[in-house]
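Chemist: Contents of upload_11.csv (CSV, C-alpha atoms and all ligand atoms) are given next:
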chain,number,residue,atom,x,y,z
L,1,ALA,CA,0.0,0.0,0.0
L,2,ILE,CA,2.9,2.4,0.8
L,3,VAL,CA,4.4,1.8,-2.6
L,4,VAL,CA,1.1,2.5,-4.3
L,5,ALA,CA,0.6,5.7,-2.2
L,6,MET,CA,4.1,6.9,-3.1
L,7,ALA,CA,3.5,6.2,-6.8
L,8,VAL,CA,0.2,8.0,-6.8
L,9,GLY,CA,1.8,10.9,-4.9
L,10,THR,CA,4.5,11.2,-7.5
L,11,VAL,CA,2.1,11.0,-10.5
L,12,ALA,CA,-0.1,13.7,-8.9
L,13,GLU,CA,3.0,15.8,-8.3
L,14,ILE,CA,4.2,15.5,-11.8
L,15,TYR,CA,0.7,16.2,-13.2
L,16,GLY,CA,0.6,19.4,-11.0
L,17,GLU,CA,4.0,20.4,-12.3
L,18,LEU,CA,3.0,19.8,-15.9
L,19,GLN,CA,-0.2,21.9,-15.4
L,20,ARG,CA,1.8,24.7,-13.9
L,21,ALA,CA,4.4,24.5,-16.6
L,22,ALA,CA,1.7,24.5,-19.3
L,23,GLY,CA,0.0,27.6,-17.7
L,24,ALA,CA,3.3,29.4,-17.5
L,25,ALA,CA,4.2,28.6,-21.1
L,26,LYS,CA,0.9,29.8,-22.3
L,27,ARG,CA,1.3,33.1,-20.4
L,28,LEU,CA,4.9,33.4,-21.7
L,29,ILE,CA,3.8,32.9,-25.3
L,30,GLU,CA,1.1,35.5,-24.9
L,31,LEU,CA,3.6,37.9,-23.4
L,32,LEU,CA,6.0,37.4,-26.2
L,33,GLU,CA,3.2,38.1,-28.7
L,34,VAL,CA,2.3,41.4,-27.0
L,35,GLN,CA,5.9,42.3,-26.1
L,36,SER,CA,6.6,43.5,-29.6
L,37,GLU,CA,3.8,46.2,-29.2
L,38,ILE,CA,5.3,47.5,-26.0
L,39,LEU,CA,8.1,49.7,-27.1
L,40,ASP,CA,10.4,52.3,-25.5
L,41,PRO,CA,9.2,55.9,-26.2
L,42,ALA,CA,11.3,57.7,-28.8
L,43,GLN,CA,12.5,60.1,-26.1
L,44,ALA,CA,12.2,58.5,-22.7
L,45,GLN,CA,11.8,60.8,-19.7
L,46,SER,CA,14.1,60.3,-16.8
L,47,LEU,CA,12.7,58.9,-13.6
L,48,ASP,CA,13.1,61.1,-10.5
L,49,THR,CA,12.6,58.8,-7.6
L,50,GLN,CA,12.9,61.8,-5.2
L,51,ALA,CA,9.9,63.5,-6.8
L,52,GLN,CA,7.1,64.5,-4.4
L,53,ALA,CA,4.4,62.6,-6.3
L,54,ASP,CA,3.0,59.3,-5.1
L,55,VAL,CA,5.3,56.4,-6.0
L,56,ILE,CA,2.5,54.6,-7.9
L,57,GLU,CA,-0.7,56.1,-9.2
L,58,PHE,CA,-3.4,54.2,-11.2
L,59,THR,CA,-5.9,56.8,-12.6
L,60,ASP,CA,-9.1,55.6,-14.2
L,61,VAL,CA,-7.3,52.6,-15.6
L,62,SER,CA,-9.4,50.3,-17.9
L,63,PHE,CA,-7.8,47.3,-19.5
L,64,HIS,CA,-8.8,44.2,-21.6
L,65,TYR,CA,-6.4,41.6,-22.7
L,66,PRO,CA,-5.7,41.7,-26.5
L,67,SER,CA,-7.1,38.2,-26.8
L,68,ARG,CA,-10.4,39.1,-25.1
L,69,PRO,CA,-11.5,42.5,-26.4
L,70,GLN,CA,-15.0,42.1,-25.0
L,71,GLN,CA,-14.0,41.5,-21.4
L,72,SER,CA,-12.6,44.1,-19.1
L,73,ALA,CA,-10.0,42.9,-16.7
L,74,LEU,CA,-9.9,46.3,-15.0
L,75,SER,CA,-12.3,49.2,-15.4
L,76,ALA,CA,-12.1,52.7,-14.0
L,77,PHE,CA,-9.5,51.4,-11.5
L,78,ASN,CA,-8.0,54.0,-9.2
L,79,LEU,CA,-5.3,53.6,-6.6
L,80,GLN,CA,-2.5,55.8,-5.2
L,81,ILE,CA,0.4,54.3,-3.2
L,82,SER,CA,2.8,56.5,-1.3
L,83,GLN,CA,6.5,55.9,-0.5
L,84,GLY,CA,7.2,53.0,1.9
L,85,GLU,CA,3.5,51.9,2.1
L,86,THR,CA,2.6,48.2,2.4
L,87,VAL,CA,-0.6,47.6,0.5
L,88,ALA,CA,-2.4,44.2,0.6
L,89,ILE,CA,-4.6,43.4,-2.3
L,90,VAL,CA,-7.4,41.0,-1.8
L,91,GLY,CA,-10.3,39.9,-3.9
L,92,PRO,CA,-12.0,36.9,-5.5
L,93,SER,CA,-10.4,34.9,-8.3
L,94,GLY,CA,-10.5,36.9,-11.5
L,95,ALA,CA,-10.8,40.3,-9.7
L,96,GLY,CA,-7.8,41.6,-11.6
L,97,LYS,CA,-5.1,41.3,-8.9
L,98,SER,CA,-2.4,39.8,-11.2
L,99,THR,CA,-3.4,42.1,-14.0
L,100,LEU,CA,-2.4,45.0,-11.9
L,101,PHE,CA,1.1,43.6,-11.5
L,102,GLU,CA,1.4,43.0,-15.3
L,103,LEU,CA,0.3,46.5,-16.1
L,104,LEU,CA,2.7,48.0,-13.6
L,105,GLN,CA,5.6,46.3,-15.2
L,106,ARG,CA,4.3,47.4,-18.5
L,107,PHE,CA,3.9,43.9,-20.0
L,108,TYR,CA,0.7,45.4,-21.5
L,109,ASP,CA,-0.5,49.0,-22.0
L,110,VAL,CA,-3.7,50.2,-20.4
L,111,SER,CA,-6.7,50.6,-22.7
L,112,ALA,CA,-7.6,53.9,-21.0
L,113,GLY,CA,-6.4,56.0,-18.1
L,114,SER,CA,-2.8,56.0,-16.9
L,115,ILE,CA,-0.3,54.5,-14.6
L,116,ARG,CA,2.3,56.9,-13.2
L,117,LEU,CA,5.6,56.2,-11.4
L,118,HIS,CA,6.7,59.2,-9.3
L,119,GLY,CA,4.3,61.3,-11.4
L,120,VAL,CA,5.5,60.2,-14.8
L,121,ASP,CA,3.3,58.1,-17.1
L,122,ILE,CA,5.1,54.8,-17.5
L,123,ARG,CA,4.6,55.0,-21.3
L,124,GLU,CA,7.0,57.9,-21.2
L,125,LEU,CA,9.7,56.0,-19.3
L,126,SER,CA,12.1,53.4,-20.7
L,127,LEU,CA,11.2,49.8,-20.0
L,128,HIS,CA,14.6,49.5,-18.4
L,129,ASP,CA,13.8,52.3,-15.9
L,130,ILE,CA,10.4,50.9,-15.1
L,131,ARG,CA,11.6,47.3,-14.4
L,132,GLU,CA,14.7,48.4,-12.6
L,133,GLN,CA,12.5,49.9,-9.9
L,134,MET,CA,10.6,46.7,-9.3
L,135,ALA,CA,11.2,43.1,-8.2
L,136,MET,CA,8.5,40.5,-8.3
L,137,VAL,CA,8.4,37.5,-6.1
L,138,ALA,CA,5.8,35.1,-7.6
L,139,GLN,CA,4.0,32.2,-6.0
L,140,HIS,CA,5.8,29.8,-8.3
L,141,PRO,CA,9.1,31.7,-9.0
L,142,VAL,CA,10.8,31.2,-12.3
L,143,LEU,CA,14.2,29.6,-11.8
L,144,PHE,CA,16.5,29.2,-14.7
L,145,SER,CA,18.4,26.1,-15.9
L,146,ALA,CA,21.6,27.3,-14.3
L,147,ASP,CA,23.3,26.9,-11.0
L,148,VAL,CA,22.0,28.5,-7.7
L,149,TYR,CA,24.7,31.2,-7.9
L,150,HIS,CA,23.6,32.5,-11.2
L,151,ASN,CA,19.9,32.2,-10.3
L,152,ILE,CA,20.5,34.7,-7.5
L,153,ALA,CA,23.1,36.8,-9.3
L,154,TYR,CA,20.6,37.5,-12.1
L,155,GLY,CA,19.1,40.1,-9.7
L,156,LYS,CA,21.9,42.5,-10.2
L,157,GLU,CA,24.3,43.1,-13.1
L,158,GLY,CA,27.9,42.6,-12.1
L,159,ALA,CA,27.1,41.3,-8.6
L,160,THR,CA,30.1,40.1,-6.7
L,161,GLN,CA,30.3,36.7,-5.0
L,162,ASP,CA,30.1,38.4,-1.6
L,163,GLU,CA,27.0,40.2,-2.6
L,164,VAL,CA,25.4,37.0,-3.8
L,165,SER,CA,26.1,35.2,-0.5
L,166,ALA,CA,25.0,38.1,1.6
L,167,ALA,CA,21.7,38.2,-0.2
L,168,ALA,CA,21.3,34.4,0.3
L,169,ARG,CA,22.0,34.8,4.0
L,170,GLN,CA,19.4,37.6,4.3
L,171,ALA,CA,16.9,35.4,2.5
L,172,TYR,CA,17.6,32.5,4.9
L,173,ALA,CA,18.7,30.5,1.9
L,174,ASP,CA,22.5,30.0,2.6
L,175,GLU,CA,22.1,27.2,5.0
L,176,PHE,CA,20.2,24.9,2.6
L,177,ILE,CA,22.3,26.0,-0.4
L,178,GLU,CA,25.5,25.0,1.4
L,179,GLN,CA,24.0,21.5,2.1
L,180,LEU,CA,23.3,20.9,-1.6
L,181,PRO,CA,25.7,18.5,-3.3
L,182,ASP,CA,27.6,21.3,-5.1
L,183,GLY,CA,26.6,24.2,-2.9
L,184,TYR,CA,26.2,27.4,-4.9
L,185,HIS,CA,27.2,25.5,-8.0
L,186,SER,CA,24.4,23.0,-7.8
L,187,PHE,CA,22.5,23.0,-11.0
L,188,LEU,CA,18.8,23.8,-10.9
L,189,GLY,CA,16.3,22.7,-13.5
L,190,GLU,CA,15.1,19.5,-15.1
L,191,ARG,CA,18.2,17.4,-14.6
L,192,GLY,CA,19.4,19.3,-11.6
L,193,VAL,CA,18.6,19.3,-7.9
L,194,ARG,CA,14.9,19.5,-6.9
L,195,LEU,CA,14.1,22.3,-4.5
L,196,SER,CA,11.0,22.5,-2.3
L,197,GLY,CA,8.4,25.3,-2.9
L,198,GLY,CA,9.8,27.2,0.1
L,199,GLN,CA,13.4,26.8,-1.1
L,200,LYS,CA,12.5,28.1,-4.5
L,201,GLN,CA,10.8,31.1,-3.0
L,202,ARG,CA,13.9,31.9,-0.9
L,203,ILE,CA,16.1,31.8,-4.0
L,204,ALA,CA,13.6,34.3,-5.6
L,205,ILE,CA,13.7,36.4,-2.4
L,206,ALA,CA,17.6,36.4,-2.4
L,207,ARG,CA,17.5,37.5,-6.1
L,208,ALA,CA,15.1,40.4,-5.1
L,209,ILE,CA,17.2,41.4,-2.1
L,210,LEU,CA,20.2,41.6,-4.4
L,211,LYS,CA,18.3,43.7,-6.9
L,212,ASP,CA,17.3,46.1,-4.0
L,213,PRO,CA,14.3,47.6,-5.8
L,214,GLU,CA,12.3,50.5,-4.7
L,215,ILE,CA,9.0,48.7,-5.3
L,216,LEU,CA,8.3,45.1,-4.4
L,217,LEU,CA,5.5,43.1,-6.0
L,218,LEU,CA,4.7,40.0,-4.0
L,219,ASP,CA,2.2,37.3,-4.9
L,220,GLU,CA,1.8,35.3,-1.7
L,221,ALA,CA,1.8,31.6,-1.8
L,222,THR,CA,-1.7,30.0,-1.6
L,223,SER,CA,-0.5,26.6,-0.7
L,224,ALA,CA,0.9,25.9,2.7
L,225,LEU,CA,4.6,25.2,2.9
L,226,ASP,CA,6.0,22.9,5.6
L,227,ALA,CA,6.3,24.7,8.9
L,228,GLN,CA,10.0,25.2,8.9
L,229,SER,CA,10.1,26.5,5.3
L,230,GLU,CA,7.1,28.7,6.1
L,231,HIS,CA,8.9,30.3,9.0
L,232,HIS,CA,12.1,31.0,6.9
L,233,VAL,CA,10.1,32.4,4.0
L,234,GLN,CA,8.2,34.8,6.3
L,235,ALA,CA,11.4,35.9,7.9
L,236,ALA,CA,13.0,36.4,4.5
L,237,LEU,CA,10.0,38.4,3.3
L,238,THR,CA,10.1,40.6,6.3
L,239,GLU,CA,13.7,41.4,5.5
L,240,LEU,CA,12.9,42.1,1.9
L,241,MET,CA,9.9,44.4,2.7
L,242,LYS,CA,11.8,46.6,5.1
L,243,SER,CA,11.4,50.3,4.1
L,244,ARG,CA,10.2,49.5,0.6
L,245,THR,CA,7.0,50.3,-1.1
L,246,THR,CA,5.2,46.9,-1.3
L,247,LEU,CA,2.2,45.6,-3.0
L,248,ILE,CA,1.1,42.1,-1.9
L,249,ILE,CA,-1.5,39.9,-3.4
L,250,ALA,CA,-2.5,38.6,0.0
L,251,HIS,CA,-3.7,35.1,0.9
L,252,ARG,CA,-3.0,35.1,4.6
L,253,LEU,CA,-4.7,36.9,7.4
L,254,SER,CA,-1.4,37.7,9.1
L,255,THR,CA,-0.4,39.6,6.0
L,256,VAL,CA,-3.5,41.8,5.8
L,257,MET,CA,-3.2,42.5,9.5
L,258,HIS,CA,0.3,43.8,9.1
L,259,ALA,CA,-0.3,45.8,6.0
L,260,ASP,CA,-0.7,49.6,6.2
L,261,ARG,CA,-3.8,49.4,4.0
L,262,ILE,CA,-6.0,46.7,2.5
L,263,VAL,CA,-7.5,47.2,-1.0
L,264,VAL,CA,-10.5,45.0,-1.8
L,265,MET,CA,-10.9,44.3,-5.5
L,266,ASP,CA,-13.9,42.9,-7.4
L,267,LYS,CA,-14.5,42.7,-11.1
L,268,GLY,CA,-11.6,45.0,-12.0
L,269,LYS,CA,-12.4,47.7,-9.5
L,270,VAL,CA,-11.5,48.8,-6.0
L,271,VAL,CA,-14.7,48.2,-3.9
L,272,ALA,CA,-13.3,48.9,-0.5
L,273,ASN,CA,-10.1,50.3,1.1
L,274,GLY,CA,-9.0,50.5,4.7
L,275,ASP,CA,-7.6,48.5,7.6
L,276,HIS,CA,-8.8,45.1,8.7
L,277,ALA,CA,-11.2,46.4,11.5
L,278,SER,CA,-12.9,49.0,9.4
L,279,LEU,CA,-13.3,46.6,6.4
L,280,MET,CA,-14.8,43.9,8.7
L,281,GLN,CA,-17.4,46.5,9.5
L,282,GLN,CA,-18.0,48.0,6.1
L,283,SER,CA,-17.3,45.4,3.4
L,284,PRO,CA,-19.5,42.3,3.1
L,285,LEU,CA,-17.1,41.0,0.4
L,286,TYR,CA,-14.1,41.4,2.7
L,287,ARG,CA,-15.9,39.5,5.5
L,288,LYS,CA,-16.7,36.8,3.0
L,289,LEU,CA,-13.0,36.6,1.9
L,290,CYS,CA,-11.9,36.4,5.5
L,291,GLU,CA,-14.1,33.4,5.9
L,292,LEU,CA,-13.2,31.7,2.7
L,293,GLN,CA,-9.7,32.8,1.7
L,294,PHE,CA,-8.2,33.0,5.2
L,295,ASN,CA,-10.4,30.2,6.6
L,296,GLN,CA,-11.3,32.4,9.5
L,297,PRO,CA,-14.8,32.8,10.7
L,298,SER,CA,-15.4,36.6,10.8
L,299,ALA,CA,-16.6,36.5,14.4
L,300,SER,CA,-13.1,35.3,15.6
L,301,VAL,CA,-11.0,38.0,13.9
D,401,LIG,P1,-6.6,34.9,-9.3
D,401,LIG,O1,-6.8,35.2,-7.8
D,401,LIG,O2,-7.4,33.7,-9.7
D,401,LIG,O3,-5.1,34.8,-9.7
D,401,LIG,P2,-6.8,37.6,-10.2
D,401,LIG,O4,-7.6,38.5,-9.3
D,401,LIG,O5,-5.3,37.7,-10.2
D,401,LIG,O6,-7.3,36.1,-10.1
D,401,LIG,P3,-6.5,38.2,-13.0
D,401,LIG,O7,-5.6,37.0,-13.3
D,401,LIG,O8,-5.8,39.6,-13.0
D,401,LIG,O9,-7.3,38.0,-11.7
D,401,LIG,O10,-7.6,38.2,-14.1
D,401,LIG,C1,-8.5,39.2,-14.4
D,401,LIG,C2,-9.4,38.9,-15.6
D,401,LIG,O11,-8.6,38.8,-16.7
D,401,LIG,C3,-10.1,37.5,-15.5
D,401,LIG,O12,-11.3,37.6,-16.1
D,401,LIG,C4,-9.1,36.6,-16.3
D,401,LIG,O13,-9.8,35.5,-16.8
D,401,LIG,C5,-8.6,37.5,-17.3
D,401,LIG,N1,-7.2,37.2,-17.8
D,401,LIG,C6,-6.1,37.1,-17.0
D,401,LIG,N2,-5.0,36.8,-17.7
D,401,LIG,C7,-5.4,36.8,-19.0
D,401,LIG,C8,-4.7,36.6,-20.3
D,401,LIG,N3,-3.4,36.4,-20.3
D,401,LIG,N4,-5.5,36.6,-21.4
D,401,LIG,C9,-6.8,36.8,-21.4
D,401,LIG,N5,-7.5,37.1,-20.2
D,401,LIG,C10,-6.8,37.0,-19.1
What does the file become when written as structure tokens?
Modeler:
Amino acid sequence: AIVVAMAVGTVAEIYGELQRAAGAAKRLIELLEVQSEILDPAQAQSLDTQAQADVIEFTDVSFHYPSRPQQSALSAFNLQISQGETVAIVGPSGAGKSTLFELLQRFYDVSAGSIRLHGVDIRELSLHDIREQMAMVAQHPVLFSADVYHNIAYGKEGATQDEVSAAARQAYADEFIEQLPDGYHSFLGERGVRLSGGQKQRIAIARAILKDPEILLLDEATSALDAQSEHHVQAALTELMKSRTTLIIAHRLSTVMHADRIVVMDKGKVVANGDHASLMQQSPLYRKLCELQFNQPSASV
């Protein structure tokens, strides 16, 4: 029975991986298709990160994916985020949370309205300047078929060995890396070492720490990691979020409780905005999300 259970577990695991890979590949192909339409402006404005304006400003943003012209992913979406703020974004599936992150990195252009960074419309900035300001830590981080060292060093052009190991230390990743067969030179990918979900995330966090971006885009894991990995990932994230403007697609109650502000999205719009206590009072959707998404009955929080 044990053998059968193991075999089933493995098949399910592979099936899950395949599905994820297929999803990622589809998204990548779509991105490559639209990528050619997203061009640097003829004369890019320079980005003044000391400017007084809000760090991020979505103004009346509407957007539909090129493949779905009839369906709005965002409509009349407004949000301002100031320097150093931690904003948790919650909402049901399909509300437009991931779309926000894609537009902010200018993988697509808005259909109407504007997105500004430090007061400048991102269409007037170079793609390099936009993406240099941000690091994204995804639920299922993209790791390259390369060794651990290069997967982290990718965060910063010309990073030194000391910088790479310092970032790994801050991300609580150095200990497990050093225990891999070839340490930092262990190869990741299909024929390389297999990392757990939490270890992959810590590599992605180390990469982001090395990049040291002004803005952090975080898509919190929905699936539970094992307790020890969970603890390390949370500690690494706390390190990464220190004194940075952070947007988190939140799936955990502890995250929303620690955020400066919670934005509730539904059908491509902001439907409520505030802290946990006020949203519990004012937003029926937020109460419902607390019960479903965070598995917490509203009475107990
Ligand atoms: P989830 O919590 O399930 O990740 P979400 O809030 O992040 O959902 P989005 O992924 O931003 O929601 O999706 C917003 C809308 O845009 C949905 O209707 C979705 O089906 C659609 N959508 C998302 N990505 C694409 C795409 N690449 N092409 C076409 N439509 C898309």
Chemist: Please write out the residues within 8 Å of ligand LIG 401 (chain D) as a PyMOL selection string, counting only C-alpha atoms and all ligand atoms.
Modeler: chain L and resi 27+30-31+64-68+71-74+90-100+265-268
Chemist: Which residues are near Glu230 (chain L)? Cut-off 12 Å, only C-alpha atoms, ignore same chain within fewer than 5 positions. Put them as a PyMOL selection string.
Modeler: chain L and resi 172+196-202+220-225+235-237
Chemist: Go ahead and save the residues from that selection, with C-alpha atoms, as a short mmCIF file (atom, residue, chain, number, x, y, z; two decimals), in the coordinates of the input.
Modeler:
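This is the output file out36.cif:
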data_model
loop_
_atom_site.label_atom_id
_atom_site.label_comp_id
_atom_site.auth_asym_id
_atom_site.auth_seq_id
_atom_site.Cartn_x
_atom_site.Cartn_y
_atom_site.Cartn_z
CA TYR L 172 17.60 32.50 4.90
CA SER L 196 11.00 22.50 -2.30
CA GLY L 197 8.40 25.30 -2.90
CA GLY L 198 9.80 27.20 0.10
CA GLN L 199 13.40 26.80 -1.10
CA LYS L 200 12.50 28.10 -4.50
CA GLN L 201 10.80 31.10 -3.00
CA ARG L 202 13.90 31.90 -0.90
CA GLU L 220 1.80 35.30 -1.70
CA ALA L 221 1.80 31.60 -1.80
CA THR L 222 -1.70 30.00 -1.60
CA SER L 223 -0.50 26.60 -0.70
CA ALA L 224 0.90 25.90 2.70
CA LEU L 225 4.60 25.20 2.90
CA ALA L 235 11.40 35.90 7.90
CA ALA L 236 13.00 36.40 4.50
CA LEU L 237 10.00 38.40 3.30
#
Chemist: Taking into account all atoms listed in the file, which residue in the set L:Leu125, L:Leu103, L:Ala138, L:Leu210 is nearest to Asp48 (chain L)?
Modeler: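 Of all the options, L:Leu125 lies closest to Asp48 (chain L).
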Chemist: Using only C-alpha atoms, which of L:Asp40, L:Asp54, L:Asp60, L:Asp226 sits nearest Ala76 (chain L)?
Modeler: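 Comparing L:Asp40, L:Asp54, L:Asp60, L:Asp226 against Ala76 (chain L), the winner is L:Asp60.
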Chemist: Env of Thr49 (chain L): 7 Å cut, atoms = only C-alpha atoms, seq-sep filter 2 positions within chain, self excluded. Answer as a ChimeraX atom specification.
Modeler: /L:47,51,118
